[in-house]
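Read the structure below first, then the notes.
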Amino acid sequence: MAGRIHQPMEGAEFDFILAKSTGPVLAFFCGAWPKAVEVCRQMDCLVRELVEEYGDRLTAVKVDMTRCPEPTRRFHVTSAPTFLLIKQKERVAVWQGPLALEGLREFVAPHA
């Protein structure tokens, strides 16, 4: 599913996506509070562009921290936006805060 960003509605759906992914997963944790909303919207465009570039080599998941509190706690996410790279259900890299497109590419490249 090139270009698709999964948006799980609950933690079990997030875990299902991780279980089915054969390559790296870019999990993009977003907040619903006012200061986080605008920044996370800006990051949406960049994540979408990156997913288009990587195609089937990268699975992207946009995680609403309110709807999916269990993965948020499990991966120790405390702010939004937070980017995680997950391989075989294990976190291999983390970045908290916004990134430019080039920074996002540099974050993903060593693991994809």
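Following the order of the structure tokens, first chain is A, next is B, and so on, with residues numbered from 1 inside each chain and ligands from 1 in the order they appear.
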
Exercise. Could you name the residues that touch range 97-100 of chain A at 8 Å or less, counting only C-alpha atoms, but leaving out those on the same chain fewer than 4 positions away, as a ChimeraX atom specification?
Worked result: /A:39-40,43,46,79-83,104

May I have the residues from that selection written out with C-alpha atoms, as an mmCIF file, in the first residue's frame?
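See selection.cif below for the written result:
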```
data_model
loop_
_atom_site.group_PDB
_atom_site.id
_atom_site.type_symbol
_atom_site.label_atom_id
_atom_site.label_comp_id
_atom_site.auth_asym_id
_atom_site.auth_seq_id
_atom_site.Cartn_x
_atom_site.Cartn_y
_atom_site.Cartn_z
ATOM 1 C CA VAL A 39 2.651 21.154 14.582
ATOM 2 C CA CYS A 40 1.333 17.629 14.010
ATOM 3 C CA MET A 43 4.285 16.976 10.057
ATOM 4 C CA LEU A 46 6.078 15.560 5.430
ATOM 5 C CA SER A 79 5.241 14.726 23.842
ATOM 6 C CA ALA A 80 3.877 15.371 20.391
ATOM 7 C CA PRO A 81 5.012 15.084 17.753
ATOM 8 C CA THR A 82 7.207 12.087 18.457
ATOM 9 C CA PHE A 83 8.588 9.822 15.752
ATOM 10 C CA LEU A 104 12.896 13.035 8.585
#
```

Problem set entry | DSSP alpha helix (DSSP H) residues within chain A, as a PyMOL selection string | chain A and resi 11-20+34-54+69-74+101-108

For this session: With a distance cut-off of 10 Å and only C-alpha atoms, select the neighbouring residues of Phe28 in chain A, excluding the residue or stretch itself and same-chain residues fewer than 5 positions from it, and output the selection as a ChimeraX atom specification.
Result: /A:5,7,40,43-44,47,60-65,80-85,95-96

Please produce an output containing C-alpha atoms for each residue in the selection, written as a compact mmCIF listing (two decimals), in the first residue's frame.
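Just written: result-v1.txt:
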```
# COMPACT_ATOMS: atom_id res chain seq x y z
CA ILE A 5 -0.59 6.11 6.43
CA GLN A 7 -4.43 5.54 11.59
CA CYS A 40 1.33 17.63 14.01
CA MET A 43 4.28 16.98 10.06
CA ASP A 44 1.43 15.07 8.32
CA VAL A 47 5.27 12.03 6.57
CA ALA A 60 3.70 4.54 8.44
CA VAL A 61 1.33 4.77 11.38
CA LYS A 62 -0.14 8.00 12.73
CA VAL A 63 -0.96 7.36 16.38
CA ASP A 64 -3.40 9.59 18.24
CA MET A 65 -2.00 9.58 21.78
CA ALA A 80 3.88 15.37 20.39
CA PRO A 81 5.01 15.08 17.75
CA THR A 82 7.21 12.09 18.46
CA PHE A 83 8.59 9.82 15.75
CA LEU A 84 9.56 6.21 16.43
CA LEU A 85 11.16 3.73 14.09
CA TRP A 95 12.88 11.71 17.75
CA GLN A 96 10.77 14.14 19.75
```

Problem set entry | Closest of A:Gln42, A:Thr59, A:Thr66, A:Thr22 to Glu10 in chain A - atom-to-atom distances counting only C-alpha atoms |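 Among A:Gln42, A:Thr59, A:Thr66, A:Thr22, it is A:Thr66 that comes nearest to Glu10 in chain A.
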
Problem set entry | Selected residue of minimal separation from Ala36 in chain A among A:Glu106, A:Gln88, A:Arg48, A:Thr78, counting only C-alpha atoms |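 Residue with the minimum atom-to-atom distance to Ala36 in chain A: A:Thr78.
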
Exercise. Got a sec: who's within 9 Å of Lys89 in chain A, counting only C-alpha atoms, leaving out chain neighbours fewer than 2 positions off, as a VMD selection string?
Worked result: chain A and resid 15 18 to 19 25 86 to 87 91

For this session: Please measure the separation of CA of Gly103 in chain A and CA of Pro69 in chain A, giving the value in Å to one decimal.
Result: 26.8 Å

Exercise. In terms of the shortest atom-to-atom distance over only C-alpha atoms, which of A:Pro34, A:Met9, A:Phe75, A:Arg57 is closest to Ala109 in chain A?
Worked result: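 Selected residue with least distance to Ala109 in chain A: A:Arg57.
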
Exercise. CA of Arg74 in chain A to CA of Gly31 in chain A: how many Å, to one decimal?
Worked result: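 About the pair CA of Arg74 in chain A and CA of Gly31 in chain A: they are 16.1 Å apart.
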
For this session: To one decimal in Å, tell me the separation between CA of Glu70 in chain A and CA of Ala12 in chain A.
Result: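 Here the two named atoms are 8.9 Å from each other.
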
Exercise. If you run DSSP on this backbone, which residues of chain A come out as strand (DSSP E), and could you give them as a PyMOL selection string?
Worked result: chain A and resi 5-6+25-30+59-64+82-87+90-96

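Nearest-residue note for Pro71 in chain A: choosing from A:Glu90, A:Asp56, A:Lys20, A:Glu38, the minimum distance belongs to A:Glu90, counting only C-alpha atoms.
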